[in-house]
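Novice: One structure is given below, represented as structure tokens, and several questions about it will come after.
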Amino acid sequence: MPFIKQTTATDLLNFPFQQLLVSKAELNALCDYYFDGKGKAFRPMIVILMARACNVHSNKEGALLPAQRSIAMISEMIHTASLVHDDVIDDSDTRRGKNTINKVWGERKAILAGDFILSAASMALARIGNTTVVSVLSQVIEDLVRGEFMQLGAKENENERFKHYLEKTFKKTASLIANSCKAVSILVNSDPEVHEIAYQYGRNVGIAFQLVDDILDFTSSANLLGKPSAADLKLGLATGPVLFACQQFPELHAMIMRRFSSDGDVDRAWQYVLKSDGVEQTNYLAQHYCQEAIGQISQLQQSTERDALIQLTELVLRRDK
């Protein structure tokens, strides 16, 4: 979809570097490591399109406000800081097809690099000077931490387990997109209904994005993903395909509760998922969330940017990495 790429190319050029200029060469290298232009830039792309769609809806020109562009940049910085910290927690070796920061520089420096990127994002947020926007985006940081703690736990009851999984998915992935979309709408429109539309679009697309990510852990090769497949199982995580598969293969329940820690658990769980309709059911759920997102964004005035956000849901469902 060429418009999506074209409409954001200028906005994403040299995206967050100006916020990360530091005098110490090693710290600069650490911070720049994931800002090499090889990431999907999915979050800032959504935020930029949402900002322009809200601007048109509010009878203003579609051009970005400087503060809206800053929020798009901040969203990518928060996301990147969370990746750096996640890789330390998970002891990951690869990210985006190359060695992780913790493998290249060590865990201590990786943690400090993540903290520094987050501090630069916080400073950029403060410079926007809108207390409501600061409050909205501060919620993202809390959600990221709470989501990480939720990921460390497991629920005995199957119904509670799926609810726990979706709530964790929102906090770790969708909250950043939802609240960033809400923040850019606040800057241009005082109507709470518009804020809610932006928020719900981001929430639903964000959850769908993570559901597809969880599917790809079973269906895509490590070369495409840029990280090892079956990574979630190896980390002890029961994602959507596993939870759906458990309904057909109750043997998975004990494995989930012990976080696939016994010999052979990962391989057996993998086979159960492939024999089940877990991947298909997770895909149906992702489609449901994308339809919800389309229903929300369709309430805005028609514009090229609004239509691009509708088209973006197709990209979320069809992506292979």
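Letters A, B, ... go to the chains of the structure tokens in the order shown; residues in each chain start at 1; ligands are counted from 1 in the same order.
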Please extract the residues of region 64-244 of chain A with a backbone DSSP assignment of strand (DSSP E) and present them as a ChimeraX atom specification.
Specialist: /A:94-95,98-99
Novice: Would you pick out the contacts of region 246-256 of chain A at 7 Å or less, using only C-alpha atoms, so that residues sharing its chain but fewer than 3 positions from it are not included, and give the list as JSON, numbers by chain?
Specialist: {"A": [238, 242, 243, 259, 260, 265, 269, 272, 276]}
Novice: List the neighbours of Glu61 (chain A) out to 12 Å using only C-alpha atoms; skip same-chain residues closer than 6 positions along the sequence, and give me the result as a ChimeraX atom specification.
Specialist: /A:51-55,188,303,305
Novice: In Å, rounded to a single decimal, give me how far CA of Asp277 (chain A) is from CA of Leu237 (chain A).
Specialist: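 These two atoms are separated by 18.4 Å.
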Novice: Would you compute the distance between CA of Tyr199 (chain A) and CA of Ile186 (chain A)? Give it in Å to one decimal.
Specialist: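 CA of Ile186 (chain A) lies at a distance of 10.5 Å from CA of Tyr199 (chain A).
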Novice: Tell me which protein, DNA and RNA residues are within 8 Å of Gly206 (chain A), counting only C-alpha atoms, leaving out same-chain ones fewer than 3 positions away, and put them as a ChimeraX atom specification.
Specialist: /A:170,173-175,177-178,202-203,209-210
Novice: Kindly indicate which residue among A:Asp191, A:Glu292, A:Asp214, A:Asp263 lies nearest to Thr313 (chain A), using only C-alpha atoms for the distances.
Specialist: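 Nearest candidate to Thr313 (chain A) out of A:Asp191, A:Glu292, A:Asp214, A:Asp263: A:Glu292.
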Novice: Residues of region 80-112 of chain A in helix (DSSP H, G or I) according to DSSP, as an MDAnalysis selection string?
Specialist: chainID A and resid 80:90 101:105 107:112
Novice: Keeping only N, CA and C atoms, write the selected residues as an mmCIF file, in the first residue's frame.
Specialist:
data_model
loop_
_atom_site.group_PDB
_atom_site.id
_atom_site.type_symbol
_atom_site.label_atom_id
_atom_site.label_comp_id
_atom_site.auth_asym_id
_atom_site.auth_seq_id
_atom_site.Cartn_x
_atom_site.Cartn_y
_atom_site.Cartn_z
ATOM 1 N N THR A 80 11.242 1.153 21.814
ATOM 2 C CA THR A 80 12.614 0.667 21.693
ATOM 3 C C THR A 80 13.243 0.436 23.066
ATOM 4 N N ALA A 81 13.007 1.348 24.006
ATOM 5 C CA ALA A 81 13.516 1.161 25.368
ATOM 6 C C ALA A 81 12.964 -0.121 25.971
ATOM 7 N N SER A 82 11.683 -0.407 25.706
ATOM 8 C CA SER A 82 11.078 -1.627 26.249
ATOM 9 C C SER A 82 11.694 -2.878 25.619
ATOM 10 N N LEU A 83 12.060 -2.791 24.331
ATOM 11 C CA LEU A 83 12.717 -3.930 23.674
ATOM 12 C C LEU A 83 14.071 -4.220 24.314
ATOM 13 N N VAL A 84 14.829 -3.151 24.584
ATOM 14 C CA VAL A 84 16.148 -3.307 25.197
ATOM 15 C C VAL A 84 16.017 -3.996 26.548
ATOM 16 N N HIS A 85 15.051 -3.540 27.354
ATOM 17 C CA HIS A 85 14.849 -4.136 28.676
ATOM 18 C C HIS A 85 14.305 -5.563 28.574
ATOM 19 N N ASP A 86 13.376 -5.794 27.623
ATOM 20 C CA ASP A 86 12.828 -7.146 27.443
ATOM 21 C C ASP A 86 13.920 -8.149 27.090
ATOM 22 N N ASP A 87 14.843 -7.722 26.243
ATOM 23 C CA ASP A 87 15.914 -8.629 25.825
ATOM 24 C C ASP A 87 16.810 -9.016 26.995
ATOM 25 N N VAL A 88 16.976 -8.105 27.941
ATOM 26 C CA VAL A 88 17.740 -8.426 29.142
ATOM 27 C C VAL A 88 16.958 -9.425 29.999
ATOM 28 N N ILE A 89 15.677 -9.148 30.224
ATOM 29 C CA ILE A 89 14.836 -10.025 31.044
ATOM 30 C C ILE A 89 14.781 -11.430 30.451
ATOM 31 N N ASP A 90 14.636 -11.500 29.113
ATOM 32 C CA ASP A 90 14.481 -12.792 28.434
ATOM 33 C C ASP A 90 15.811 -13.435 28.059
ATOM 34 N N ILE A 101 21.487 -5.904 22.178
ATOM 35 C CA ILE A 101 22.406 -5.007 22.880
ATOM 36 C C ILE A 101 23.055 -5.706 24.060
ATOM 37 N N ASN A 102 22.279 -6.510 24.783
ATOM 38 C CA ASN A 102 22.838 -7.187 25.956
ATOM 39 C C ASN A 102 23.895 -8.214 25.577
ATOM 40 N N LYS A 103 23.804 -8.775 24.393
ATOM 41 C CA LYS A 103 24.825 -9.730 23.957
ATOM 42 C C LYS A 103 26.085 -9.014 23.467
ATOM 43 N N VAL A 104 25.916 -7.820 22.908
ATOM 44 C CA VAL A 104 27.065 -7.080 22.383
ATOM 45 C C VAL A 104 27.798 -6.333 23.499
ATOM 46 N N TRP A 105 27.034 -5.646 24.372
ATOM 47 C CA TRP A 105 27.647 -4.781 25.389
ATOM 48 C C TRP A 105 27.490 -5.302 26.826
ATOM 49 N N GLU A 107 24.644 -6.983 29.989
ATOM 50 C CA GLU A 107 23.348 -6.643 30.572
ATOM 51 C C GLU A 107 23.337 -5.276 31.241
ATOM 52 N N ARG A 108 24.369 -4.943 31.991
ATOM 53 C CA ARG A 108 24.371 -3.677 32.728
ATOM 54 C C ARG A 108 24.260 -2.488 31.787
ATOM 55 N N LYS A 109 25.073 -2.493 30.736
ATOM 56 C CA LYS A 109 25.031 -1.367 29.799
ATOM 57 C C LYS A 109 23.723 -1.352 29.004
ATOM 58 N N ALA A 110 23.168 -2.524 28.742
ATOM 59 C CA ALA A 110 21.891 -2.589 28.036
ATOM 60 C C ALA A 110 20.783 -1.951 28.876
ATOM 61 N N ILE A 111 20.761 -2.268 30.177
ATOM 62 C CA ILE A 111 19.748 -1.680 31.064
ATOM 63 C C ILE A 111 19.891 -0.156 31.099
ATOM 64 N N LEU A 112 21.115 0.311 31.197
ATOM 65 C CA LEU A 112 21.353 1.759 31.223
ATOM 66 C C LEU A 112 20.956 2.409 29.905
#
Novice: Between A:Val205, A:Leu65, A:Val266, A:Val273, which is the closest to Ile294 (chain A) once you count only C-alpha atoms?
Specialist: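 Using only C-alpha atoms, Ile294 (chain A) sits closest to A:Val205.
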Novice: Measuring between only C-alpha atoms, which one of A:Arg319, A:Arg146, A:Lys234, A:Lys60 shows the shortest distance to Glu167 (chain A)?
Specialist: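 Using only C-alpha atoms, the shortest distance to Glu167 (chain A) belongs to A:Arg146.
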